[in-house]
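I have placed the structure first, in the form of structure tokens, so that the comments after it can refer back to it.
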Amino acid sequence: MAAPTSVSVTTPITRELKPETRKLLRGIAFISPWIVGFLAFTIYPLLASFYYSFTDFSLFGSPKWVAVNNYAKLFADPKFYKSLGNTIIFSIFVVPASIVLAMGLAVLLNNKLRGNSFYRTLIFMPSVVPAVASAVVWIWILNPQWGLLNGMLRLLNLPGPPWLSSPDWAKPALLIVTLWMIGSDMVLYLAGLQEIPLDYYEAAELDGADSWQKTIYIIVPLLTPIVFFHLINAFIWSFQYFSIPYIVSVQGSGQPADSLLFYSLYLYQNAFAYLKMGYASAMAWLLFLLVMACTVVILRTSKRWVNYGN
Amino acid sequence: MATNSANDLFPGRRKILLHGILICLSLAFLVPIIWMLITSLKANSQVFTWPPIFIPNPALWGNYPQALKVSNFGRYFFNTVFLSFWVILGNLVSCSLVAYGFSRIEWKGRDVVFIIVLSTLILPDQVTLVPLFIIFRKLNLVGGGYKGYLPLILPAWFGRAYFIFMMRQFFLGIPKELSDAARIDGCSDLGILWRIILPLSKPAMIAVSLFTLIGTWSDFLGPLVYIREPAYYTISVGLSNFQNRYMTQWNQLMAAAAMMTVPVLVVFIFAQKQFVQGISMTGLK
């Protein structure tokens, strides 16, 4: 292309471009903040942490190449297995429990009922309570001796468990705290329920289906796309669960007896308490691979159980 | 003939049963918040009693100023509002520009790039945490003063995948004819975004602002890593520290937790509709 010689006020180059190319340039211009951010805050850190994972780096001095040493140490580190195991066990419980609870609440709240929006508000409310505040409140409620929950259990003549101070009860305690904040997931299901065409229910009614059958044969299958979305979200989320375990386990220590030492807590400890940046990066990369693998598995199996209503 | 409430699973008198279930459930969800407020008004001697005291008498409002005094909460409050403001502004500016590029301009490869945007949603924060910390530290942005907020503010100015997605969904719903007409009148893309799209996208912008506000208010890992000087703590880190030092002062601790929670709850109650719309916008497809 010859150098533009015209003295036109608009830039001569864009004039000569094909409409297709001009659209492309406009599109790229608008998404450029994301492109810069993606390179600076996602791609670069991803590559950098891959590099750091092969080094010894304490922030002071420069990273020292140690090849696969960090990974070798990780695979021999009992605390690493503990944190991985804790995370997996917790997510095996919390993910299905939150799917069932969120869907169940949504089904209950989807009925024609006076005061419905009031119930919705109350159930949704805890999910906007800031994480640290909820953790602090629940530490108090779950206090084995003076807490409200054990007090009520005593009223029913049930033994109050030691909750957050016992390695066996700490995870169930955390499960309660986590399910308390289910509201925002419930809203997803409510939105999904509103998409179900009324004729489906009517047809089922003509066939003589009762409420229970309508729930099992119409509602649940038609909500599977939301379950799918929720499942992926919940898994990823459970691998990065940080604030609440940090607060309830005494300043991120993972106590009692490392029962709340989750993957993200142990990663944080390595990076910011022990300043083992290389070791923490190796953990970060394993986390990345794990999350990818989980997502791929869920995606792969989704065709078999997700109903897109065709 | 099917009734017009065929989707009603609790017809007729079974409504009472449903009311019963829902009253119990909503109480279970509400009680922790109420208990926080009740405890925050008790004298220390009333905290450790059984049966518990449900109506603190006298109500000790003094726990609130006391908690403010010992923990510098006023300052943390201001810090968090300040931080939230810049993060919200960043998200609104960057995500609306990017969402425009992904919805109102048709360019080759757009949908492939958009899938990359969505795929970043599955990336856990912890994966990028260490290298980002190292860069920000090299740039001397970790530690003292308000410059310690830059690592938390900057990423918001380059578009968050979740909000880009939300705004794009919303922009796609705005009729194309509106921008075509403006273009014929000689309006540029930025003009169309500013004069036509944004005024019609208030619900999406409100939802992004609310989510960002709640997110920043609640964020703990970010401030914990990047802010090192106590005077610049956000409310989350402040409360965590307070809890660590005054572990058994439950009344003051609950007063502090209430001061952190009540503003969010008030915002939520007034803007509930936008919240729900915002979540629904991203949930489907």
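If you're wondering about the labels, chains in the structure tokens are A, B, ... by order shown, residues count from 1 in each chain, ligands from 1 in order shown.
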_Please identify all residues of chain B having at least one atom at most 7 Å from any atom of chain A, considering only C-alpha atoms, and return them as a PyMOL selection string._
chain B and resi 2+6-10+22+26+29-30+32+36+48+94+97-98+100-101+105-108+122-124+126-128+130-132+155+158-159+214+217-218+220-221+236+240+254+257+260-261+264+276+279-280+283
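Here the strand (DSSP E or B) residues in region 37-157 of chain A, by DSSP on the backbone, are Thr55, Asp56, Lys64 and Trp65 of chain A.
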*Looking only at the backbone, which of the residues in region 36-191 of chain A does DSSP tag as alpha helix (DSSP H), as a ChimeraX atom specification?*
/A:36-38,44-52,69-75,78-109,116-124,131-141,148-155,170-180,183-191
*Name the residues in contact with Glu229 (chain B) at a cut-off of 7 Å, using only C-alpha atoms, excluding same-chain residues fewer than 3 positions from it; report them as JSON, numbers by chain.*
{"B": [143, 144, 232, 233]}
Can I get the selection written as a PDB file, in the first residue's frame, with C-alpha atoms?
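Everything below was put into again23.pdb:
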```pdb
ATOM      1  CA  GLY B 143       3.183  -2.256  51.974  1.00  0.00           C
ATOM      2  CA  GLY B 144       2.755   1.250  53.276  1.00  0.00           C
ATOM      3  CA  TYR B 232      -4.458   1.050  55.906  1.00  0.00           C
ATOM      4  CA  TYR B 233      -6.213  -2.219  56.710  1.00  0.00           C
TER       5      TYR B 233
END
```
_Residue nearest Asp168 (chain A) among A:Ala67, A:Ile216, A:Leu101, A:Leu260 (counting only C-alpha atoms)_ =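 Selected residue with least distance to Asp168 (chain A): A:Leu260.
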_Å distance separating CA of Ser117 (chain A) from CA of Ser40 (chain B), one decimal place_ = 28.4 Å
*Rank nothing, just name the residue among B:Arg104, B:Trp194, B:Ile235, B:Ile33 nearest to Glu177 (chain B), using only C-alpha atoms.*
B:Arg104
Excluding Ile55 (chain B) and its own-chain neighbours fewer than 6 positions away, which residues fall within 12 Å of it when counting only C-alpha atoms? Please give them as an mmCIF file with C-alpha atoms, in the first residue's frame.
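Here's the written file part_36.cif:
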```cif
data_model
loop_
_atom_site.group_PDB
_atom_site.id
_atom_site.type_symbol
_atom_site.label_atom_id
_atom_site.label_comp_id
_atom_site.auth_asym_id
_atom_site.auth_seq_id
_atom_site.Cartn_x
_atom_site.Cartn_y
_atom_site.Cartn_z
ATOM 1 C CA ILE B 34 -30.020 -11.686 65.136
ATOM 2 C CA TRP B 35 -27.754 -13.420 67.623
ATOM 3 C CA LEU B 37 -26.963 -8.115 67.126
ATOM 4 C CA ILE B 38 -28.244 -9.361 70.498
ATOM 5 C CA THR B 39 -24.776 -10.278 71.723
ATOM 6 C CA SER B 40 -23.418 -6.931 70.567
ATOM 7 C CA LEU B 41 -25.729 -5.168 73.022
ATOM 8 C CA LYS B 42 -24.927 -7.254 76.080
ATOM 9 C CA ALA B 43 -22.713 -6.561 79.025
ATOM 10 C CA GLN B 46 -24.703 -11.344 80.277
ATOM 11 C CA VAL B 47 -22.807 -13.040 77.481
#
```
*Which is closer to Tyr226 (chain B) than all the others in B:Thr248, B:Asn140, B:Ser96, B:Ser209, using only C-alpha atoms?*
B:Asn140
*Long-range neighbours of Leu83 (chain B) as a VMD selection string, 8 Å cut-off, only C-alpha atoms, 3 positions minimum in chain*: chain B and resid 79 to 80 86 to 87 149 153 216
_Taking 4 positions as the minimum chain separation for residues in the same chain, which residues sit within 12 Å of Lys69 (chain B) when counting only C-alpha atoms? Answer as a list in words._
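Listing them by chain and then by number gives Gly62, Asn63, Tyr64, Pro65, Phe73, Gly74, Arg75, Tyr76, Phe242, Gln252, Ala255 and Ala256 of chain B.
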Selection from above, C-alpha atoms, as a PDB file, in the first residue's frame, can you write it?
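So again.pdb came out as:
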```
ATOM      1  CA  GLY B  62     -21.636   1.590  74.375  1.00  0.00           C
ATOM      2  CA  ASN B  63     -20.119  -1.610  72.989  1.00  0.00           C
ATOM      3  CA  TYR B  64     -20.133   0.029  69.563  1.00  0.00           C
ATOM      4  CA  PRO B  65     -18.070   3.138  70.372  1.00  0.00           C
ATOM      5  CA  PHE B  73     -12.747   0.587  62.878  1.00  0.00           C
ATOM      6  CA  GLY B  74     -13.729   4.037  61.634  1.00  0.00           C
ATOM      7  CA  ARG B  75     -10.503   4.242  59.725  1.00  0.00           C
ATOM      8  CA  TYR B  76     -10.920   0.718  58.266  1.00  0.00           C
ATOM      9  CA  PHE B 242      -9.558  -7.636  66.364  1.00  0.00           C
ATOM     10  CA  GLN B 252     -17.439  -6.007  71.364  1.00  0.00           C
ATOM     11  CA  ALA B 255     -20.472  -5.077  67.698  1.00  0.00           C
ATOM     12  CA  ALA B 256     -17.536  -4.890  65.286  1.00  0.00           C
TER      13      ALA B 256
END
```
*In Å, how far is it from CA of Phe85 (chain B) to CA of Leu213 (chain B)?*
8.0 Å
